[in-house]
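Source file: entry-v6.cif. Holds: mmCIF, C-alpha atoms and all ligand atoms.
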```cif
data_model
loop_
_atom_site.group_PDB
_atom_site.id
_atom_site.type_symbol
_atom_site.label_atom_id
_atom_site.label_comp_id
_atom_site.auth_asym_id
_atom_site.auth_seq_id
_atom_site.Cartn_x
_atom_site.Cartn_y
_atom_site.Cartn_z
ATOM 1 C CA MET A 1 -37.642 -52.967 -18.545
ATOM 2 C CA GLU A 2 -36.266 -55.464 -21.028
ATOM 3 C CA GLU A 3 -32.860 -54.517 -22.354
ATOM 4 C CA ARG A 4 -34.198 -53.883 -25.839
ATOM 5 C CA GLU A 5 -37.004 -51.669 -24.495
ATOM 6 C CA THR A 6 -34.409 -49.627 -22.634
ATOM 7 C CA TRP A 7 -32.395 -49.155 -25.841
ATOM 8 C CA GLU A 8 -35.520 -48.024 -27.669
ATOM 9 C CA ALA A 9 -36.602 -45.669 -24.884
ATOM 10 C CA LEU A 10 -33.137 -44.108 -24.762
ATOM 11 C CA ASP A 11 -33.096 -43.598 -28.539
ATOM 12 C CA GLN A 12 -36.469 -41.892 -28.210
ATOM 13 C CA TYR A 13 -35.195 -39.720 -25.354
ATOM 14 C CA PHE A 14 -32.001 -38.627 -27.118
ATOM 15 C CA SER A 15 -33.783 -38.088 -30.405
ATOM 16 C CA GLU A 16 -36.473 -35.931 -28.834
ATOM 17 C CA LYS A 17 -34.023 -33.950 -26.724
ATOM 18 C CA LEU A 18 -31.337 -33.483 -29.321
ATOM 19 C CA HIS A 19 -33.543 -32.592 -32.284
ATOM 20 C CA ALA A 20 -32.976 -35.657 -34.341
ATOM 21 C CA PHE A 21 -36.744 -35.646 -34.876
ATOM 22 C CA ASP A 22 -38.216 -32.854 -36.900
ATOM 23 C CA PRO A 23 -41.483 -32.576 -38.825
ATOM 24 C CA VAL A 24 -39.958 -33.112 -42.259
ATOM 25 C CA MET A 25 -37.876 -36.122 -41.271
ATOM 26 C CA ASP A 26 -40.843 -37.605 -39.403
ATOM 27 C CA TRP A 27 -42.992 -37.058 -42.473
ATOM 28 C CA VAL A 28 -40.443 -38.922 -44.606
ATOM 29 C CA LEU A 29 -40.534 -41.943 -42.286
ATOM 30 C CA GLU A 30 -44.343 -41.904 -42.409
ATOM 31 C CA ALA A 31 -44.339 -41.713 -46.216
ATOM 32 C CA ASN A 32 -41.946 -44.692 -46.336
ATOM 33 C CA GLU A 33 -44.167 -46.675 -44.002
ATOM 34 C CA LYS A 34 -47.276 -45.868 -46.074
ATOM 35 C CA ALA A 35 -45.459 -46.997 -49.212
ATOM 36 C CA GLU A 36 -44.580 -50.224 -47.380
ATOM 37 C CA LEU A 37 -40.840 -49.827 -47.744
ATOM 38 C CA PRO A 38 -38.870 -52.121 -45.422
ATOM 39 C CA PRO A 39 -38.233 -50.180 -42.174
ATOM 40 C CA ILE A 40 -34.457 -50.314 -42.511
ATOM 41 C CA ASP A 41 -33.695 -46.603 -42.797
ATOM 42 C CA VAL A 42 -31.009 -45.384 -40.409
ATOM 43 C CA ALA A 43 -32.436 -44.412 -37.012
ATOM 44 C CA PRO A 44 -33.126 -40.676 -36.462
ATOM 45 C CA ASN A 45 -30.080 -40.251 -34.226
ATOM 46 C CA GLN A 46 -27.936 -42.139 -36.763
ATOM 47 C CA GLY A 47 -29.225 -39.827 -39.494
ATOM 48 C CA LYS A 48 -28.303 -36.863 -37.347
ATOM 49 C CA PHE A 49 -24.892 -38.444 -36.764
ATOM 50 C CA LEU A 50 -24.268 -38.758 -40.530
ATOM 51 C CA TYR A 51 -25.335 -35.116 -40.877
ATOM 52 C CA LEU A 52 -22.905 -34.097 -38.129
ATOM 53 C CA LEU A 53 -20.040 -36.061 -39.722
ATOM 54 C CA ALA A 54 -20.719 -34.326 -43.035
ATOM 55 C CA LYS A 55 -20.770 -30.920 -41.298
ATOM 56 C CA LEU A 56 -17.646 -31.660 -39.289
ATOM 57 C CA LYS A 57 -15.734 -32.426 -42.458
ATOM 58 C CA GLY A 58 -17.346 -29.630 -44.460
ATOM 59 C CA VAL A 59 -18.058 -32.064 -47.273
ATOM 60 C CA LYS A 60 -19.213 -30.773 -50.639
ATOM 61 C CA THR A 61 -19.832 -34.075 -52.389
ATOM 62 C CA ILE A 62 -21.413 -37.228 -51.009
ATOM 63 C CA LEU A 63 -21.983 -40.653 -52.564
ATOM 64 C CA GLU A 64 -24.567 -42.963 -51.043
ATOM 65 C CA ILE A 65 -24.982 -46.588 -52.123
ATOM 66 C CA GLY A 66 -28.531 -47.681 -51.143
ATOM 67 C CA THR A 67 -31.205 -44.946 -51.149
ATOM 68 C CA LEU A 68 -34.393 -46.697 -49.968
ATOM 69 C CA GLY A 69 -36.850 -43.802 -49.287
ATOM 70 C CA GLY A 70 -34.090 -41.210 -49.061
ATOM 71 C CA TYR A 71 -34.171 -40.824 -45.282
ATOM 72 C CA SER A 72 -30.378 -40.955 -44.832
ATOM 73 C CA SER A 73 -29.881 -39.068 -48.124
ATOM 74 C CA ILE A 74 -31.976 -36.162 -46.861
ATOM 75 C CA TRP A 75 -30.118 -36.017 -43.535
ATOM 76 C CA MET A 76 -26.767 -35.866 -45.328
ATOM 77 C CA ALA A 77 -27.956 -33.456 -48.044
ATOM 78 C CA ARG A 78 -29.000 -31.021 -45.316
ATOM 79 C CA ALA A 79 -25.368 -30.768 -44.261
ATOM 80 C CA LEU A 80 -24.237 -29.723 -47.747
ATOM 81 C CA PRO A 81 -23.484 -26.126 -48.740
ATOM 82 C CA ASP A 82 -25.632 -24.559 -51.501
ATOM 83 C CA ASP A 83 -23.241 -25.748 -54.183
ATOM 84 C CA GLY A 84 -22.912 -29.245 -52.670
ATOM 85 C CA ARG A 85 -24.077 -32.431 -54.362
ATOM 86 C CA LEU A 86 -25.228 -35.851 -53.168
ATOM 87 C CA VAL A 87 -25.417 -38.795 -55.555
ATOM 88 C CA THR A 88 -27.411 -41.780 -54.339
ATOM 89 C CA LEU A 89 -27.630 -45.167 -56.043
ATOM 90 C CA GLU A 90 -30.753 -47.333 -55.886
ATOM 91 C CA PHE A 91 -31.651 -50.581 -57.561
ATOM 92 C CA SER A 92 -35.443 -50.390 -57.081
ATOM 93 C CA GLU A 93 -37.468 -47.997 -59.245
ATOM 94 C CA LYS A 94 -40.180 -47.975 -56.611
ATOM 95 C CA HIS A 95 -37.779 -46.977 -53.836
ATOM 96 C CA ALA A 96 -36.186 -44.328 -56.047
ATOM 97 C CA ALA A 97 -39.570 -42.767 -56.899
ATOM 98 C CA ILE A 98 -40.559 -42.542 -53.239
ATOM 99 C CA ALA A 99 -37.144 -41.142 -52.366
ATOM 100 C CA GLN A 100 -37.444 -38.452 -55.036
ATOM 101 C CA SER A 101 -40.855 -37.425 -53.784
ATOM 102 C CA ASN A 102 -39.491 -37.274 -50.201
ATOM 103 C CA MET A 103 -36.463 -35.239 -51.304
ATOM 104 C CA LYS A 104 -38.761 -32.741 -53.012
ATOM 105 C CA LYS A 105 -40.936 -32.473 -49.946
ATOM 106 C CA ALA A 106 -37.795 -31.887 -47.845
ATOM 107 C CA GLY A 107 -36.590 -29.204 -50.275
ATOM 108 C CA VAL A 108 -33.259 -30.895 -51.002
ATOM 109 C CA ASP A 109 -34.097 -32.414 -54.398
ATOM 110 C CA GLY A 110 -32.031 -29.711 -56.142
ATOM 111 C CA LYS A 111 -28.851 -31.035 -54.526
ATOM 112 C CA ILE A 112 -29.428 -34.744 -55.124
ATOM 113 C CA ASP A 113 -29.082 -37.089 -58.087
ATOM 114 C CA VAL A 114 -30.845 -40.415 -57.657
ATOM 115 C CA ILE A 115 -29.334 -42.899 -60.085
ATOM 116 C CA ILE A 116 -31.424 -46.004 -60.711
ATOM 117 C CA GLY A 117 -29.924 -49.423 -61.368
ATOM 118 C CA PRO A 118 -27.756 -52.064 -59.698
ATOM 119 C CA ALA A 119 -24.940 -50.088 -58.080
ATOM 120 C CA LEU A 120 -22.234 -52.253 -59.640
ATOM 121 C CA GLU A 121 -23.582 -51.123 -63.032
ATOM 122 C CA THR A 122 -24.092 -47.449 -62.164
ATOM 123 C CA LEU A 123 -20.827 -46.898 -60.219
ATOM 124 C CA PRO A 124 -18.757 -47.217 -63.439
ATOM 125 C CA THR A 125 -20.893 -44.469 -65.073
ATOM 126 C CA LEU A 126 -20.260 -41.822 -62.413
ATOM 127 C CA LYS A 127 -17.010 -40.500 -63.915
ATOM 128 C CA ASP A 128 -18.684 -39.823 -67.261
ATOM 129 C CA LYS A 129 -21.487 -38.062 -65.415
ATOM 130 C CA GLY A 130 -18.898 -35.661 -63.987
ATOM 131 C CA PHE A 131 -18.459 -37.253 -60.549
ATOM 132 C CA SER A 132 -14.848 -38.325 -60.317
ATOM 133 C CA SER A 133 -14.524 -38.257 -56.530
ATOM 134 C CA PHE A 134 -16.513 -37.686 -53.349
ATOM 135 C CA ASP A 135 -15.659 -36.225 -49.924
ATOM 136 C CA MET A 136 -17.921 -38.701 -48.103
ATOM 137 C CA ILE A 137 -19.215 -42.133 -49.105
ATOM 138 C CA PHE A 138 -21.999 -43.988 -47.263
ATOM 139 C CA ILE A 139 -22.233 -47.707 -48.077
ATOM 140 C CA ASP A 140 -25.694 -49.037 -47.153
ATOM 141 C CA ALA A 141 -27.065 -51.330 -49.874
ATOM 142 C CA ASP A 142 -26.870 -55.099 -50.435
ATOM 143 C CA LYS A 143 -24.257 -56.371 -47.989
ATOM 144 C CA PRO A 144 -22.964 -59.266 -50.142
ATOM 145 C CA ASN A 145 -21.530 -56.616 -52.498
ATOM 146 C CA ASN A 146 -19.756 -54.652 -49.739
ATOM 147 C CA PRO A 147 -16.310 -55.883 -50.845
ATOM 148 C CA HIS A 148 -16.992 -54.477 -54.343
ATOM 149 C CA TYR A 149 -18.410 -51.255 -52.893
ATOM 150 C CA LEU A 150 -15.206 -50.782 -50.912
ATOM 151 C CA GLU A 151 -13.169 -51.082 -54.122
ATOM 152 C CA TRP A 152 -15.412 -48.513 -55.794
ATOM 153 C CA ALA A 153 -15.284 -46.233 -52.776
ATOM 154 C CA LEU A 154 -11.489 -46.232 -53.091
ATOM 155 C CA LYS A 155 -11.663 -45.492 -56.822
ATOM 156 C CA LEU A 156 -14.020 -42.600 -56.165
ATOM 157 C CA SER A 157 -12.142 -41.082 -53.245
ATOM 158 C CA THR A 158 -9.335 -38.597 -52.692
ATOM 159 C CA PRO A 159 -7.047 -38.268 -49.661
ATOM 160 C CA GLY A 160 -9.280 -37.411 -46.699
ATOM 161 C CA THR A 161 -12.480 -38.977 -48.063
ATOM 162 C CA LEU A 162 -14.668 -40.271 -45.254
ATOM 163 C CA ILE A 163 -16.135 -43.734 -45.771
ATOM 164 C CA VAL A 164 -18.998 -45.010 -43.593
ATOM 165 C CA GLY A 165 -20.376 -48.549 -43.868
ATOM 166 C CA ASP A 166 -23.659 -49.448 -42.145
ATOM 167 C CA ASN A 167 -24.750 -52.725 -40.524
ATOM 168 C CA VAL A 168 -21.448 -54.368 -39.673
ATOM 169 C CA VAL A 169 -22.630 -56.131 -36.486
ATOM 170 C CA ARG A 170 -26.039 -57.576 -37.336
ATOM 171 C CA ASN A 171 -27.008 -58.744 -33.884
ATOM 172 C CA GLY A 172 -23.537 -60.189 -33.419
ATOM 173 C CA ASN A 173 -23.889 -62.558 -36.376
ATOM 174 C CA VAL A 174 -20.866 -60.985 -38.067
ATOM 175 C CA LEU A 175 -18.744 -62.858 -35.532
ATOM 176 C CA ASN A 176 -19.737 -66.169 -37.134
ATOM 177 C CA LYS A 177 -16.854 -67.235 -39.393
ATOM 178 C CA GLU A 178 -18.822 -70.247 -40.625
ATOM 179 C CA SER A 179 -21.956 -68.319 -41.560
ATOM 180 C CA ALA A 180 -23.397 -69.229 -44.961
ATOM 181 C CA ASP A 181 -25.440 -65.998 -45.017
ATOM 182 C CA PRO A 182 -24.179 -63.968 -48.027
ATOM 183 C CA SER A 183 -24.682 -60.697 -46.097
ATOM 184 C CA ILE A 184 -22.556 -61.889 -43.191
ATOM 185 C CA LYS A 185 -19.912 -63.195 -45.601
ATOM 186 C CA GLY A 186 -19.957 -59.869 -47.455
ATOM 187 C CA ILE A 187 -19.483 -57.882 -44.271
ATOM 188 C CA ARG A 188 -16.715 -60.159 -42.986
ATOM 189 C CA GLN A 189 -14.881 -59.846 -46.307
ATOM 190 C CA PHE A 190 -15.405 -56.051 -46.193
ATOM 191 C CA ILE A 191 -13.803 -55.928 -42.723
ATOM 192 C CA HIS A 192 -10.999 -58.224 -43.880
ATOM 193 C CA LEU A 193 -10.253 -56.033 -46.903
ATOM 194 C CA LEU A 194 -10.188 -52.972 -44.649
ATOM 195 C CA SER A 195 -7.767 -54.734 -42.303
ATOM 196 C CA GLU A 196 -5.355 -55.218 -45.202
ATOM 197 C CA GLU A 197 -5.988 -51.918 -46.943
ATOM 198 C CA PRO A 198 -3.026 -49.587 -46.571
ATOM 199 C CA ARG A 199 -4.921 -46.663 -48.118
ATOM 200 C CA ILE A 200 -7.604 -46.411 -45.393
ATOM 201 C CA GLU A 201 -7.495 -45.976 -41.619
ATOM 202 C CA SER A 202 -10.677 -47.341 -40.071
ATOM 203 C CA THR A 203 -12.531 -48.537 -37.009
ATOM 204 C CA ALA A 204 -15.901 -50.116 -36.214
ATOM 205 C CA ILE A 205 -18.401 -49.034 -33.565
ATOM 206 C CA GLN A 206 -21.176 -51.246 -32.141
ATOM 207 C CA THR A 207 -24.563 -49.620 -31.574
ATOM 208 C CA VAL A 208 -27.832 -50.430 -29.805
ATOM 209 C CA GLY A 209 -31.150 -48.645 -30.237
ATOM 210 C CA ILE A 210 -34.432 -48.776 -32.115
ATOM 211 C CA LYS A 211 -32.744 -50.845 -34.821
ATOM 212 C CA GLY A 212 -31.556 -53.406 -32.291
ATOM 213 C CA TYR A 213 -27.899 -54.362 -31.997
ATOM 214 C CA ASP A 214 -25.789 -53.318 -34.966
ATOM 215 C CA GLY A 215 -22.869 -51.058 -35.832
ATOM 216 C CA PHE A 216 -20.961 -49.165 -38.448
ATOM 217 C CA VAL A 217 -17.494 -48.759 -39.887
ATOM 218 C CA VAL A 218 -15.845 -45.375 -40.267
ATOM 219 C CA GLY A 219 -12.716 -44.944 -42.346
ATOM 220 C CA VAL A 220 -10.652 -42.113 -43.762
ATOM 221 C CA VAL A 221 -8.597 -42.372 -46.931
ATOM 222 C CA LYS A 222 -4.984 -41.572 -46.095
ATOM 223 C CA LYS A 223 -3.470 -38.255 -47.147
HETATM 224 N N1 LIG A 301 -29.636 -45.670 -46.766
HETATM 225 C C1 LIG A 301 -31.063 -45.896 -46.565
HETATM 226 C C2 LIG A 301 -31.372 -47.357 -46.376
HETATM 227 C C3 LIG A 301 -30.951 -48.213 -47.540
HETATM 228 S S1 LIG A 301 -31.680 -49.820 -47.477
HETATM 229 C C4 LIG A 301 -31.497 -45.134 -45.313
HETATM 230 O O1 LIG A 301 -30.832 -45.284 -44.285
HETATM 231 O O2 LIG A 301 -32.487 -44.408 -45.356
HETATM 232 C C5 LIG A 301 -30.845 -50.585 -48.786
HETATM 233 C C6 LIG A 301 -31.296 -50.135 -50.175
HETATM 234 O O3 LIG A 301 -30.345 -50.654 -51.112
HETATM 235 C C7 LIG A 301 -32.668 -50.674 -50.588
HETATM 236 O O4 LIG A 301 -33.497 -49.626 -51.033
HETATM 237 C C8 LIG A 301 -32.360 -51.612 -51.750
HETATM 238 O O5 LIG A 301 -33.339 -51.632 -52.783
HETATM 239 C C9 LIG A 301 -31.054 -51.041 -52.276
HETATM 240 N N2 LIG A 301 -30.242 -52.015 -53.006
HETATM 241 C C10 LIG A 301 -30.135 -53.359 -52.785
HETATM 242 N N3 LIG A 301 -29.298 -53.912 -53.671
HETATM 243 C C11 LIG A 301 -28.846 -52.913 -54.466
HETATM 244 C C12 LIG A 301 -27.963 -52.857 -55.567
HETATM 245 N N4 LIG A 301 -27.339 -53.931 -56.025
HETATM 246 N N5 LIG A 301 -27.743 -51.658 -56.132
HETATM 247 C C13 LIG A 301 -28.343 -50.536 -55.676
HETATM 248 N N6 LIG A 301 -29.191 -50.536 -54.633
HETATM 249 C C14 LIG A 301 -29.452 -51.702 -54.042
HETATM 250 C C1 LIG A 302 -31.011 -54.362 -43.422
HETATM 251 C C2 LIG A 302 -30.359 -53.435 -44.211
HETATM 252 C C3 LIG A 302 -29.957 -52.234 -43.680
HETATM 253 O O1 LIG A 302 -29.295 -51.305 -44.409
HETATM 254 C C4 LIG A 302 -30.199 -51.935 -42.359
HETATM 255 O O2 LIG A 302 -29.768 -50.741 -41.874
HETATM 256 C C5 LIG A 302 -30.857 -52.843 -41.563
HETATM 257 C C6 LIG A 302 -31.280 -54.062 -42.112
HETATM 258 C C7 LIG A 302 -31.443 -55.649 -43.999
HETATM 259 O O3 LIG A 302 -31.257 -55.835 -45.201
HETATM 260 O O4 LIG A 302 -31.955 -56.470 -43.250
HETATM 261 MG MG MG A 303 -28.351 -49.810 -43.192
#
```
For the structure just supplied, provide its representation as structure tokens.
Amino acid sequence: MEERETWEALDQYFSEKLHAFDPVMDWVLEANEKAELPPIDVAPNQGKFLYLLAKLKGVKTILEIGTLGGYSSIWMARALPDDGRLVTLEFSEKHAAIAQSNMKKAGVDGKIDVIIGPALETLPTLKDKGFSSFDMIFIDADKPNNPHYLEWALKLSTPGTLIVGDNVVRNGNVLNKESADPSIKGIRQFIHLLSEEPRIESTAIQTVGIKGYDGFVVGVVKK
């Protein structure tokens, strides 16, 4: 088997065995495919991992930057208590509409606010909407803006807030200091800011699987 096929087969195996697949989540992925959304949702086992992180921390409030079809939003919302709330920010009206329909189908729409617009314009409105801080923040939108999203994550956090940033490896391309790719530059600057940020303790984990070779950052705001 090619290396990549092995990664994919193992993701399939773990996901089937460890219940990362379930009818509702599968239905959401199908709906996204039918609507021709780019297939860049987190993988099923990554969605389950976000859900487990949220459970582990007992989070009540979650901020997500980058909704797409709501696949990761729904995973995380499922970990919330009845009075929990997830706010997710999405630039595309089309993506937001599909996400809202998926959230309804999954029965978690009552816990989620989808806020439409460029995140750098909607983040400053969250305080006035009654969201002054979040227990968990998932950064997964346009990578060139990651440095700004980190600043906002800090503004909207309290001691103990968990910050997760997706796609920090990108097939290894993040290693390329000279890259002119704005996404790679954004991620490198994000990592650099974290390295100098005294308010957050963080690490990065490389992953392989159905989404190829990538990784994520996990950080906790200091107490
Ligand atoms: N978190 C999702 C995947 C998000 S894909 C999941 O795992 O299921 C990234 C999303 O960010 C896309 O839907 C894209 O439209 C959105 N996006 C890109 N630039 C944005 C911006 N400036 N503000 C808000 N959303 C943006
Ligand atoms: C891309 C974005 C993502 O959030 C992801 O998980 C994978 C790929 C992209 O823009 O290519
Ligand atoms: Mg991603």
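With CA of Ser183 (chain A) on one side and CA of Thr61 (chain A) on the other, the separation reads 27.8 Å.
Among the candidates A:Ile115, A:Leu56, A:Leu50, A:Leu10, the one nearest to Ala77 (chain A) when counting all atoms listed in the file is A:Leu50.
For ligand LIG 302 (chain A), the protein and nucleic acid residues at most 9 Å away, judged by all atoms listed in the file, amount to A:Pro38, A:Pro39, A:Ile40, A:Asp41, A:Val42, A:Ala43, A:Gly66, A:Leu68, A:Ile139, A:Asp140, A:Ala141, A:Asp142, A:Lys143, A:Asp166, A:Asn167, A:Arg170, A:Ser183, A:Lys211, A:Asp214.
Here the question is which of A:Gly69, A:Leu156, A:Val108, A:Ile116 gets nearest to Lys34 (chain A) using all atoms listed in the file, and that residue is A:Gly69.
When CA of Met136 (chain A) is paired with CA of Leu162 (chain A), their separation reads 4.6 Å.
Relative to CA of Leu52 (chain A), CA of Gln189 (chain A) is found at 28.2 Å.
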Measuring atom to atom with only C-alpha atoms and all ligand atoms, identify which of A:Leu175, A:Val221, A:Val59, A:Met25 is nearest to ligand LIG 301 (chain A).
A:Met25
